[in-house]
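For reference, run04.txt is printed below; it contains compact mmCIF, C-alpha atoms and all ligand atoms.
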```txt
# COMPACT_ATOMS: atom_id res chain seq x y z
CA MET A 1 0.00 0.00 0.00
CA ARG A 2 1.38 3.40 -0.94
CA SER A 3 2.05 6.08 1.62
CA ILE A 4 1.19 9.55 0.39
CA LEU A 5 2.18 12.77 2.13
CA VAL A 6 -0.09 15.77 1.63
CA THR A 7 1.40 18.99 2.99
CA GLY A 8 -1.26 21.61 3.64
CA GLY A 9 -3.63 18.66 3.94
CA ALA A 10 -5.97 20.35 6.43
CA GLY A 11 -6.61 23.25 4.06
CA PHE A 12 -9.36 23.62 1.49
CA LEU A 13 -7.84 21.71 -1.44
CA GLY A 14 -5.69 19.44 0.76
CA SER A 15 -8.66 18.07 2.68
CA HIS A 16 -10.44 17.07 -0.55
CA LEU A 17 -7.27 15.47 -1.84
CA CYS A 18 -6.76 13.46 1.38
CA GLU A 19 -10.36 12.25 1.08
CA ARG A 20 -9.95 11.12 -2.56
CA LEU A 21 -6.64 9.34 -1.81
CA LEU A 22 -8.16 7.45 1.13
CA GLU A 23 -11.16 6.46 -1.00
CA ARG A 24 -8.71 4.99 -3.50
CA GLY A 25 -7.06 2.89 -0.79
CA ASP A 26 -3.84 4.81 -0.12
CA ASN A 27 -2.25 5.57 3.25
CA VAL A 28 -2.36 9.32 3.78
CA ILE A 29 -0.14 11.43 5.99
CA CYS A 30 -1.69 14.88 6.30
CA LEU A 31 0.81 17.49 7.44
CA ASP A 32 -0.25 21.04 8.32
CA ASN A 33 0.74 23.96 10.54
CA PHE A 34 -2.94 25.04 10.79
CA PHE A 35 -2.24 28.62 9.70
CA THR A 36 -5.19 28.68 7.30
CA GLY A 37 -6.14 25.01 7.62
CA ARG A 38 -8.67 23.67 10.08
CA LYS A 39 -8.83 20.37 11.93
CA GLN A 40 -12.54 20.43 11.18
CA ASN A 41 -11.72 19.96 7.45
CA VAL A 42 -10.30 16.50 8.15
CA LEU A 43 -12.30 15.53 11.25
CA HIS A 44 -14.37 13.05 9.22
CA LEU A 45 -11.15 11.25 8.21
CA MET A 46 -9.70 10.86 11.70
CA ASN A 47 -11.20 7.44 12.37
CA ASN A 48 -9.76 5.99 9.19
CA PRO A 49 -6.80 3.76 10.18
CA ARG A 50 -5.02 4.74 6.94
CA PHE A 51 -5.12 8.45 7.86
CA GLU A 52 -2.54 10.24 9.99
CA LEU A 53 -2.46 13.92 10.94
CA ILE A 54 0.78 15.70 11.82
CA ARG A 55 1.10 19.29 13.01
CA HIS A 56 4.29 20.52 11.41
CA ASP A 57 5.58 23.57 9.56
CA ILE A 58 7.43 22.79 6.31
CA VAL A 59 9.83 25.64 7.01
CA HIS A 60 11.44 23.10 9.36
CA PRO A 61 12.85 19.84 7.98
CA ILE A 62 10.83 16.70 8.48
CA PHE A 63 11.96 13.08 8.51
CA ILE A 64 9.22 10.69 7.51
CA GLU A 65 8.79 8.14 4.73
CA ALA A 66 6.51 8.61 1.73
CA ASP A 67 6.09 7.13 -1.75
CA GLN A 68 4.45 10.24 -3.18
CA ILE A 69 4.26 13.82 -1.97
CA TYR A 70 1.67 16.47 -2.80
CA ASN A 71 3.08 19.82 -1.66
CA LEU A 72 0.11 22.12 -1.07
CA ALA A 73 1.33 23.90 2.06
CA CYS A 74 1.03 27.66 1.52
CA PRO A 75 -1.73 30.14 2.29
CA ALA A 76 -3.67 30.87 -0.91
CA SER A 77 -5.95 33.80 -0.06
CA PRO A 78 -4.38 37.24 -0.62
CA VAL A 79 -5.53 38.32 2.86
CA ALA A 80 -3.83 35.29 4.44
CA TYR A 81 -0.60 35.36 2.44
CA GLN A 82 -0.15 39.09 3.02
CA PHE A 83 -0.67 38.71 6.80
CA ASN A 84 2.99 37.70 7.22
CA PRO A 85 4.67 38.12 3.83
CA ILE A 86 8.11 36.96 4.98
CA LYS A 87 6.62 33.75 6.33
CA THR A 88 4.83 33.25 3.00
CA ILE A 89 8.15 33.58 1.14
CA LYS A 90 9.84 31.20 3.58
CA THR A 91 7.11 28.62 3.01
CA SER A 92 7.62 28.75 -0.77
CA THR A 93 11.42 28.76 -0.58
CA VAL A 94 12.89 27.17 2.59
CA GLY A 95 9.74 25.06 2.95
CA VAL A 96 9.85 23.84 -0.64
CA VAL A 97 13.57 22.99 -0.32
CA ASN A 98 12.72 20.90 2.75
CA VAL A 99 9.93 19.04 0.97
CA LEU A 100 12.07 18.53 -2.16
CA GLY A 101 14.87 17.22 0.09
CA LEU A 102 12.44 14.79 1.66
CA ALA A 103 11.31 13.65 -1.80
CA LYS A 104 14.92 13.16 -2.84
CA ARG A 105 15.77 11.10 0.24
CA CYS A 106 12.64 8.95 -0.11
CA ARG A 107 12.89 8.80 -3.93
CA ALA A 108 9.28 9.94 -3.92
CA ARG A 109 7.52 11.59 -6.83
CA ILE A 110 6.44 15.10 -5.83
CA LEU A 111 3.62 17.23 -7.15
CA HIS A 112 3.97 20.90 -6.33
CA ALA A 113 0.93 23.19 -6.23
CA SER A 114 1.86 26.25 -8.25
CA THR A 115 -0.59 28.90 -9.32
CA SER A 116 -1.94 31.08 -12.11
CA GLU A 117 -0.42 33.92 -10.05
CA VAL A 118 2.92 33.13 -11.69
CA TYR A 119 1.38 34.89 -14.73
CA GLY A 120 0.83 38.03 -12.60
CA ASP A 121 -1.31 40.67 -14.34
CA PRO A 122 -1.12 38.88 -17.70
CA THR A 123 -0.60 40.62 -21.02
CA VAL A 124 -1.40 37.39 -22.88
CA HIS A 125 -4.93 36.05 -22.76
CA PRO A 126 -5.86 33.27 -22.12
CA GLN A 127 -2.71 32.14 -20.35
CA ARG A 128 -0.70 29.27 -21.79
CA GLU A 129 2.05 27.48 -19.88
CA ASP A 130 4.78 29.01 -22.07
CA TYR A 131 3.81 32.59 -21.09
CA TRP A 132 6.45 34.02 -18.71
CA GLY A 133 4.11 36.31 -16.85
CA ASN A 134 3.95 39.91 -15.70
CA VAL A 135 4.64 40.04 -11.98
CA ASN A 136 5.47 43.11 -9.89
CA PRO A 137 8.45 41.82 -7.88
CA LEU A 138 8.00 44.48 -5.18
CA GLY A 139 4.22 44.67 -4.85
CA PRO A 140 2.02 43.35 -2.04
CA ARG A 141 1.31 40.11 -3.95
CA SER A 142 4.98 39.41 -4.63
CA CYS A 143 5.51 37.35 -1.46
CA TYR A 144 3.13 34.83 -3.00
CA ASP A 145 3.74 35.25 -6.76
CA GLU A 146 7.52 35.43 -6.57
CA GLY A 147 7.61 32.74 -3.90
CA LYS A 148 5.69 30.42 -6.21
CA ARG A 149 7.99 31.31 -9.12
CA VAL A 150 11.08 30.43 -7.07
CA ALA A 151 9.34 27.22 -5.98
CA GLU A 152 8.80 26.27 -9.64
CA SER A 153 12.45 26.96 -10.36
CA LEU A 154 13.52 24.86 -7.36
CA CYS A 155 11.33 21.98 -8.53
CA MET A 156 12.71 22.08 -12.06
CA ASN A 157 16.29 22.26 -10.80
CA TYR A 158 15.80 19.28 -8.45
CA HIS A 159 14.32 17.45 -11.42
CA GLN A 160 17.27 18.28 -13.67
CA GLU A 161 20.11 17.95 -11.14
CA HIS A 162 18.82 15.01 -9.12
CA GLN A 163 16.43 13.34 -11.57
CA LEU A 164 13.68 13.88 -9.03
CA GLN A 165 10.26 13.00 -10.41
CA VAL A 166 8.47 16.33 -10.29
CA ARG A 167 4.95 17.30 -11.34
CA LEU A 168 4.08 21.01 -11.57
CA ILE A 169 0.44 22.06 -11.58
CA ARG A 170 -0.62 25.68 -12.10
CA ILE A 171 -3.94 25.99 -10.32
CA PHE A 172 -6.43 28.68 -11.37
CA ASN A 173 -9.03 30.03 -8.91
CA THR A 174 -10.75 27.04 -7.36
CA TYR A 175 -13.76 27.03 -5.06
CA GLY A 176 -16.07 24.67 -3.24
CA PRO A 177 -17.03 23.31 0.18
CA ARG A 178 -14.49 23.72 3.01
CA MET A 179 -13.10 26.99 1.74
CA ASP A 180 -12.81 28.91 5.02
CA PRO A 181 -15.80 31.30 5.22
CA ASN A 182 -13.45 33.99 6.59
CA ASP A 183 -10.51 33.51 4.27
CA GLY A 184 -11.23 36.58 2.19
CA ARG A 185 -11.33 35.04 -1.27
CA VAL A 186 -14.04 36.25 -3.58
CA ILE A 187 -16.39 33.25 -3.66
CA SER A 188 -16.36 32.69 0.11
CA ASN A 189 -16.84 36.45 0.63
CA PHE A 190 -19.74 36.79 -1.82
CA ILE A 191 -21.60 33.69 -0.61
CA THR A 192 -21.27 34.45 3.10
CA GLN A 193 -22.24 38.08 2.48
CA ALA A 194 -25.29 37.03 0.45
CA LEU A 195 -26.36 34.49 3.08
CA ARG A 196 -26.02 37.04 5.89
CA GLY A 197 -27.81 39.75 3.91
CA GLU A 198 -24.70 41.94 4.00
CA ALA A 199 -23.60 44.10 1.07
CA ILE A 200 -21.55 42.22 -1.52
CA THR A 201 -18.12 43.85 -1.68
CA ILE A 202 -16.93 44.32 -5.25
CA TYR A 203 -13.34 45.50 -5.35
CA GLY A 204 -12.96 48.29 -7.91
CA ASP A 205 -15.43 48.49 -10.82
CA GLY A 206 -15.90 44.72 -10.88
CA GLN A 207 -14.81 44.42 -14.53
CA GLN A 208 -11.75 42.31 -13.64
CA THR A 209 -12.18 38.65 -14.60
CA ARG A 210 -11.42 35.29 -13.02
CA SER A 211 -12.13 31.73 -14.15
CA PHE A 212 -13.50 29.47 -11.43
CA CYS A 213 -12.92 25.74 -11.20
CA TYR A 214 -14.98 23.50 -8.92
CA VAL A 215 -12.84 21.64 -6.39
CA ASP A 216 -13.75 18.09 -7.55
CA ASP A 217 -12.58 18.85 -11.10
CA LEU A 218 -9.35 20.34 -9.78
CA ILE A 219 -8.50 17.39 -7.54
CA ARG A 220 -9.19 14.94 -10.39
CA GLY A 221 -6.77 16.87 -12.61
CA MET A 222 -4.17 17.00 -9.86
CA MET A 223 -4.25 13.24 -9.33
CA LEU A 224 -4.15 12.57 -13.09
CA LEU A 225 -1.04 14.72 -13.37
CA MET A 226 0.65 12.96 -10.45
CA ASP A 227 -0.08 9.48 -11.75
CA GLN A 228 0.99 9.82 -15.40
CA ASP A 229 4.58 9.14 -16.47
CA ALA A 230 5.03 11.38 -19.51
CA GLU A 231 4.94 14.97 -18.35
CA THR A 232 6.66 17.03 -15.65
CA GLY A 233 4.63 20.14 -16.42
CA PRO A 234 3.84 22.85 -15.72
CA ILE A 235 0.21 22.16 -16.62
CA ASN A 236 -2.63 24.63 -16.14
CA ILE A 237 -5.66 23.20 -14.37
CA GLY A 238 -8.65 25.49 -14.28
CA ASN A 239 -12.06 26.11 -15.77
CA PRO A 240 -11.90 28.43 -18.81
CA GLY A 241 -15.37 29.86 -18.07
CA GLU A 242 -14.44 33.52 -17.47
CA TYR A 243 -16.54 35.93 -15.40
CA THR A 244 -16.25 39.54 -14.31
CA MET A 245 -16.67 40.02 -10.55
CA LEU A 246 -19.96 41.81 -11.26
CA GLN A 247 -21.19 38.75 -13.17
CA LEU A 248 -20.00 36.51 -10.36
CA ALA A 249 -21.98 38.55 -7.82
CA GLN A 250 -25.11 38.08 -9.97
CA GLU A 251 -24.48 34.32 -10.19
CA VAL A 252 -24.11 34.12 -6.40
CA LEU A 253 -27.36 36.05 -5.92
CA LYS A 254 -29.09 33.68 -8.35
CA ALA A 255 -27.90 30.73 -6.24
CA ILE A 256 -29.31 32.40 -3.09
CA PRO A 257 -32.65 33.76 -4.34
CA GLU A 258 -33.87 34.80 -0.88
CA SER A 259 -30.87 37.10 -0.35
CA LYS A 260 -31.59 40.78 0.23
CA SER A 261 -27.96 41.78 -0.33
CA THR A 262 -27.08 44.80 -2.41
CA ILE A 263 -23.79 45.42 -4.18
CA THR A 264 -21.22 47.88 -2.89
CA HIS A 265 -17.94 48.96 -4.49
CA VAL A 266 -14.79 49.25 -2.37
CA PRO A 267 -11.27 50.22 -3.49
CA LEU A 268 -9.41 47.77 -5.71
CA PRO A 269 -6.33 46.29 -3.99
CA GLN A 270 -2.97 47.21 -5.55
CA ASP A 271 -1.80 44.98 -8.43
CA ASP A 272 -5.09 43.08 -8.66
CA PRO A 273 -4.82 41.19 -11.98
CA LYS A 274 -7.28 42.50 -14.59
CA GLN A 275 -8.03 39.22 -16.30
CA ARG A 276 -7.36 35.57 -15.78
CA CYS A 277 -8.32 32.59 -17.90
CA PRO A 278 -6.50 29.28 -18.39
CA ASP A 279 -5.63 27.80 -21.75
CA ILE A 280 -6.13 24.12 -20.95
CA THR A 281 -5.04 22.67 -24.30
CA LYS A 282 -2.13 20.90 -22.60
CA ALA A 283 -4.26 19.40 -19.81
CA ARG A 284 -6.71 18.09 -22.41
CA ALA A 285 -3.93 16.59 -24.55
CA VAL A 286 -1.67 15.13 -21.86
CA LEU A 287 -4.17 14.18 -19.15
CA GLY A 288 -7.41 13.90 -21.12
CA TRP A 289 -8.72 16.32 -18.50
CA SER A 290 -11.35 19.01 -18.79
CA PRO A 291 -13.72 20.44 -16.20
CA THR A 292 -17.21 19.00 -15.88
CA VAL A 293 -18.86 21.22 -13.25
CA ASP A 294 -20.13 24.59 -14.46
CA LEU A 295 -20.33 27.66 -12.23
CA THR A 296 -24.08 27.36 -11.61
CA SER A 297 -23.95 23.80 -10.27
CA GLY A 298 -20.66 24.39 -8.44
CA LEU A 299 -22.10 27.43 -6.69
CA THR A 300 -25.23 25.51 -5.70
CA ARG A 301 -23.12 22.84 -3.98
CA THR A 302 -20.90 25.46 -2.33
CA VAL A 303 -23.84 27.51 -1.07
CA GLU A 304 -25.23 24.38 0.64
CA TYR A 305 -21.95 23.99 2.52
CA TYR A 306 -21.91 27.60 3.70
CA ARG A 307 -25.55 27.45 4.78
CA THR A 308 -24.64 24.59 7.13
CA GLU A 309 -21.41 26.28 8.30
CA LEU A 310 -23.14 29.55 9.12
CA ALA A 311 -26.04 27.78 10.84
CA MET A 312 -23.58 25.86 13.04
CA ALA A 313 -21.67 29.04 13.90
CA ARG A 314 -24.84 30.69 15.24
P1 LIG B 401 -5.60 26.90 2.12
O1 LIG B 401 -5.08 28.14 2.73
O2 LIG B 401 -6.99 26.46 2.47
O3 LIG B 401 -4.62 25.67 2.40
C1 LIG B 401 -3.25 25.80 2.60
C2 LIG B 401 -2.86 24.88 3.73
O4 LIG B 401 -1.45 24.93 3.94
C3 LIG B 401 -3.51 25.28 5.05
O5 LIG B 401 -4.05 24.14 5.68
C4 LIG B 401 -2.37 25.88 5.86
O6 LIG B 401 -2.56 25.77 7.26
C5 LIG B 401 -1.20 25.07 5.33
N1 LIG B 401 0.11 25.74 5.47
C6 LIG B 401 0.42 27.01 5.13
N2 LIG B 401 1.72 27.25 5.37
C7 LIG B 401 2.24 26.10 5.87
C8 LIG B 401 3.53 25.73 6.33
N3 LIG B 401 4.56 26.59 6.33
N4 LIG B 401 3.71 24.46 6.79
C9 LIG B 401 2.68 23.57 6.83
N5 LIG B 401 1.43 23.89 6.41
C10 LIG B 401 1.22 25.13 5.94
O7 LIG B 401 -5.47 27.08 0.53
P2 LIG B 401 -5.89 26.12 -0.66
O8 LIG B 401 -6.83 26.88 -1.50
O9 LIG B 401 -6.27 24.79 -0.17
O10 LIG B 401 -4.52 26.04 -1.46
C11 LIG B 401 -3.69 24.89 -1.41
C12 LIG B 401 -2.50 25.08 -2.33
O11 LIG B 401 -2.94 25.28 -3.67
C13 LIG B 401 -1.62 26.27 -1.97
O12 LIG B 401 -0.27 25.94 -2.19
C14 LIG B 401 -2.05 27.33 -2.97
O13 LIG B 401 -1.03 28.25 -3.24
C15 LIG B 401 -2.42 26.49 -4.18
N6 LIG B 401 -3.39 27.18 -5.03
C16 LIG B 401 -4.71 27.25 -4.66
C17 LIG B 401 -5.60 27.93 -5.48
C18 LIG B 401 -7.07 28.01 -5.15
O14 LIG B 401 -7.79 28.68 -5.87
N7 LIG B 401 -7.59 27.35 -4.15
C19 LIG B 401 -5.15 28.57 -6.65
C20 LIG B 401 -3.80 28.48 -6.96
C21 LIG B 401 -2.93 27.78 -6.16
N1 LIG B 402 -12.73 40.43 -4.97
C1 LIG B 402 -13.87 41.20 -4.83
N2 LIG B 402 -14.51 41.21 -3.64
C2 LIG B 402 -14.09 40.47 -2.57
C3 LIG B 402 -12.95 39.66 -2.72
C4 LIG B 402 -12.27 39.68 -3.92
O1 LIG B 402 -14.30 41.88 -5.77
O2 LIG B 402 -14.76 40.52 -1.51
C5 LIG B 402 -12.05 40.38 -6.28
C6 LIG B 402 -10.55 40.64 -6.23
O3 LIG B 402 -10.29 42.01 -6.33
C7 LIG B 402 -10.09 39.86 -7.44
C8 LIG B 402 -11.07 38.71 -7.55
O4 LIG B 402 -12.19 39.06 -6.76
O5 LIG B 402 -10.19 40.65 -8.60
C9 LIG B 402 -10.51 37.38 -7.04
O6 LIG B 402 -9.99 37.60 -5.75
P1 LIG B 402 -9.45 36.42 -4.83
O7 LIG B 402 -8.91 37.06 -3.59
O8 LIG B 402 -10.50 35.39 -4.66
O9 LIG B 402 -8.31 35.73 -5.69
P2 LIG B 402 -7.10 36.27 -6.63
O10 LIG B 402 -7.12 37.77 -6.69
O11 LIG B 402 -5.88 35.76 -5.96
O12 LIG B 402 -7.37 35.68 -7.94
```
Let me see the structure of the file written as structure tokens.
Ligand code: NAD
Ligand code: UDP
Amino acid sequence: MRSILVTGGAGFLGSHLCERLLERGDNVICLDNFFTGRKQNVLHLMNNPRFELIRHDIVHPIFIEADQIYNLACPASPVAYQFNPIKTIKTSTVGVVNVLGLAKRCRARILHASTSEVYGDPTVHPQREDYWGNVNPLGPRSCYDEGKRVAESLCMNYHQEHQLQVRLIRIFNTYGPRMDPNDGRVISNFITQALRGEAITIYGDGQQTRSFCYVDDLIRGMMLLMDQDAETGPINIGNPGEYTMLQLAQEVLKAIPESKSTITHVPLPQDDPKQRCPDITKARAVLGWSPTVDLTSGLTRTVEYYRTELAMAR
């Protein structure tokens, strides 16, 4: 039986991944420092004898055994990663070196969770993997964007120098159940605001675009990338359906018809990318992957989760 390490396993994406791996019959070691992750995300897995939870920070070396490693540890919400920017950089640099070192010692294949943020505020649209990006190296998002760019470089260099089996996935905005209601990302904000009857906060004029992938599609793509032998990556995984934030607000209100929320505009954060849409030609060709859940049905499932979460918090 394979032993699979998931760093950041108590976070939003990590908890879904742990669940899928256990369903498939693997042993799962979930490692997390609980900065943005929650024990509650993996509580339902705790009684599974093939599941193990370790509180650890990847900025410190770790000595365990694993056959495969999914490195997801890193805060993903701009609010969270800007809370302590130096720590965010350390996680993507020192932390990634530690996890790559572990992979090298164990001869484990490692999948690293990179991001569409490596494309910055893109001047090419939609974004293909061969686009080098347009990142402000000094701006408030740079701790995350540049950190992730260094992490990609580290992964590729470990692959080339040490023949480490690396898989690089560039994840575009992903949403779904277990995204922390308070984490500040747009879908969790809009849904919780709409459910509470609070004003929906559109940053800037709301004409900026994002492309939203439902979590189940993303995790399927991630596992397909890990388990194929042909391609190191990077490979974009995301849903090419592109929406302005104003359109997204309307979609959220459609999914919560009883909501009395209005829309309010607040200042746009510095360096907020104007448009974002994945070109998934490579994912289709190499992995036979494409998304299956559209925004309407994904939002319906996500709203159900937040209804329960907010009811429990009362
Ligand atoms: P998340 O914040 O819910 O999960 C990140 C997890 O990593 C949390 O459980 C957190 O506690 C843990 N963590 C953070 N720093 C750590 C450290 N130093 N040591 C150990 N654990 C640490 O975010 P998510 O949406 O689940 O994102 C998971 C990964 O996917 C991240 O690497 C993120 O950059 C990447 N990603 C996510 C998206 C998205 O839309 N969800 C988009 C692009 C990339
Ligand atoms: N956004 C918004 N209102 C919010 C939160 C975010 O209009 O309450 C916008 C934000 O300015 C950005 C988009 O939604 O243009 C996506 O933001 P998020 O933080 O989810 O992810 P990222 O900017 O990293 O893609």
Show me which residues sit within 8 Å of ligand LIG 402 (chain B) when counting only C-alpha atoms and all ligand atoms, and put them as a PDB file with C-alpha atoms, keeping the file's coordinate frame.
```
ATOM      1  CA  ALA A  76      -3.670  30.870  -0.910  1.00  0.00           C
ATOM      2  CA  SER A  77      -5.950  33.800  -0.060  1.00  0.00           C
ATOM      3  CA  PRO A  78      -4.380  37.240  -0.620  1.00  0.00           C
ATOM      4  CA  VAL A  79      -5.530  38.320   2.860  1.00  0.00           C
ATOM      5  CA  GLU A 117      -0.420  33.920 -10.050  1.00  0.00           C
ATOM      6  CA  PHE A 172      -6.430  28.680 -11.370  1.00  0.00           C
ATOM      7  CA  ASN A 173      -9.030  30.030  -8.910  1.00  0.00           C
ATOM      8  CA  GLY A 184     -11.230  36.580   2.190  1.00  0.00           C
ATOM      9  CA  ARG A 185     -11.330  35.040  -1.270  1.00  0.00           C
ATOM     10  CA  VAL A 186     -14.040  36.250  -3.580  1.00  0.00           C
ATOM     11  CA  ILE A 187     -16.390  33.250  -3.660  1.00  0.00           C
ATOM     12  CA  ASN A 189     -16.840  36.450   0.630  1.00  0.00           C
ATOM     13  CA  PHE A 190     -19.740  36.790  -1.820  1.00  0.00           C
ATOM     14  CA  ILE A 200     -21.550  42.220  -1.520  1.00  0.00           C
ATOM     15  CA  THR A 201     -18.120  43.850  -1.680  1.00  0.00           C
ATOM     16  CA  ILE A 202     -16.930  44.320  -5.250  1.00  0.00           C
ATOM     17  CA  TYR A 203     -13.340  45.500  -5.350  1.00  0.00           C
ATOM     18  CA  GLY A 204     -12.960  48.290  -7.910  1.00  0.00           C
ATOM     19  CA  GLY A 206     -15.900  44.720 -10.880  1.00  0.00           C
ATOM     20  CA  GLN A 208     -11.750  42.310 -13.640  1.00  0.00           C
ATOM     21  CA  THR A 209     -12.180  38.650 -14.600  1.00  0.00           C
ATOM     22  CA  ARG A 210     -11.420  35.290 -13.020  1.00  0.00           C
ATOM     23  CA  MET A 245     -16.670  40.020 -10.550  1.00  0.00           C
ATOM     24  CA  LEU A 246     -19.960  41.810 -11.260  1.00  0.00           C
ATOM     25  CA  LEU A 268      -9.410  47.770  -5.710  1.00  0.00           C
ATOM     26  CA  PRO A 269      -6.330  46.290  -3.990  1.00  0.00           C
ATOM     27  CA  ASP A 272      -5.090  43.080  -8.660  1.00  0.00           C
ATOM     28  CA  PRO A 273      -4.820  41.190 -11.980  1.00  0.00           C
ATOM     29  CA  LYS A 274      -7.280  42.500 -14.590  1.00  0.00           C
ATOM     30  CA  ARG A 276      -7.360  35.570 -15.780  1.00  0.00           C
TER      31      ARG A 276
END
```
Contacts of ligand LIG 401 (chain B), 6 Å or closer, all atoms listed in the file, given as a CSV table (one decimal) with C-alpha atoms, in the coordinates of the input:
```csv
chain,number,residue,atom,x,y,z
A,7,THR,CA,1.4,19.0,3.0
A,8,GLY,CA,-1.3,21.6,3.6
A,9,GLY,CA,-3.6,18.7,3.9
A,10,ALA,CA,-6.0,20.4,6.4
A,11,GLY,CA,-6.6,23.2,4.1
A,12,PHE,CA,-9.4,23.6,1.5
A,13,LEU,CA,-7.8,21.7,-1.4
A,14,GLY,CA,-5.7,19.4,0.8
A,32,ASP,CA,-0.2,21.0,8.3
A,33,ASN,CA,0.7,24.0,10.5
A,34,PHE,CA,-2.9,25.0,10.8
A,35,PHE,CA,-2.2,28.6,9.7
A,36,THR,CA,-5.2,28.7,7.3
A,37,GLY,CA,-6.1,25.0,7.6
A,56,HIS,CA,4.3,20.5,11.4
A,57,ASP,CA,5.6,23.6,9.6
A,58,ILE,CA,7.4,22.8,6.3
A,59,VAL,CA,9.8,25.6,7.0
A,72,LEU,CA,0.1,22.1,-1.1
A,73,ALA,CA,1.3,23.9,2.1
A,74,CYS,CA,1.0,27.7,1.5
A,75,PRO,CA,-1.7,30.1,2.3
A,76,ALA,CA,-3.7,30.9,-0.9
A,91,THR,CA,7.1,28.6,3.0
A,113,ALA,CA,0.9,23.2,-6.2
A,114,SER,CA,1.9,26.2,-8.2
A,115,THR,CA,-0.6,28.9,-9.3
A,171,ILE,CA,-3.9,26.0,-10.3
A,172,PHE,CA,-6.4,28.7,-11.4
A,173,ASN,CA,-9.0,30.0,-8.9
A,174,THR,CA,-10.8,27.0,-7.4
```
Mind checking which residues fall within 12 Å of region 256-267 of chain A, counting all atoms listed in the file, ignoring those fewer than 2 positions away in the same chain, and posting them as a PyMOL selection string? chain A and resi 190-207+245-254+269-272+296+299-304+306-307
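Among the candidates A:Leu295, A:Val118, A:Val96, A:Ile62, the residue lying nearest to Asn239 (chain A) is A:Leu295 (atoms considered: all atoms listed in the file).
One distance worth recording is that between CA of Ser92 (chain A) and CA of Lys148 (chain A), which is 6.0 Å.
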Separation of CA of Val97 (chain A) from CA of Val166 (chain A), in Å and rounded to one decimal: 13.0 Å
List the neighbours of Asn27 (chain A) out to 9 Å using only C-alpha atoms; skip same-chain residues closer than 2 positions along the sequence, and give me the result as JSON, numbers by chain. {"A": [1, 2, 3, 4, 5, 21, 22, 25, 29, 49, 50, 51, 52]}
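Here CA of Asp145 (chain A) stands at a distance of 8.8 Å from CA of Ser116 (chain A).
Minimum atom-to-atom distances from A:Ile54, A:Lys104, A:Asp279, A:Gly233 to Tyr158 (chain A) were compared using only C-alpha atoms, and the lowest value belongs to A:Lys104.
Using all atoms listed in the file, the smallest distance between any of A:Leu154, A:Ile89, A:Ala285, A:Val293 and Arg141 (chain A) comes from A:Ile89.
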Give me, as a PyMOL selection string, all polymer residues having an atom no more than 10 Å from Leu100 (chain A), counting all atoms listed in the file and skipping those fewer than 4 positions away in the same chain. chain A and resi 69+71+94-96+104-112+151+154-155+158-159+164+166
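If you measure from each of A:Val6, A:Val28, A:Val42, A:Ala80 to Asp183 (chain A) using all atoms listed in the file, the closest one turns out to be A:Ala80.
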Which residues, written as a PyMOL selection string, have at least one atom at most 8 Å from Leu287 (chain A), with only C-alpha atoms counted and residues fewer than 2 positions away on the same chain left out? chain A and resi 221+224-225+228+282-285+289
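Distance annotation: of A:Asp216, A:Asn182, A:Gln163, A:Gly241, the residue with the minimal separation from Glu309 (chain A) is A:Asn182; atom set is only C-alpha atoms.
Restricting the calculation to all atoms listed in the file, the smallest distance between Ile235 (chain A) and any of A:Val215, A:Met222, A:Ala255, A:Cys18 is found for A:Met222.
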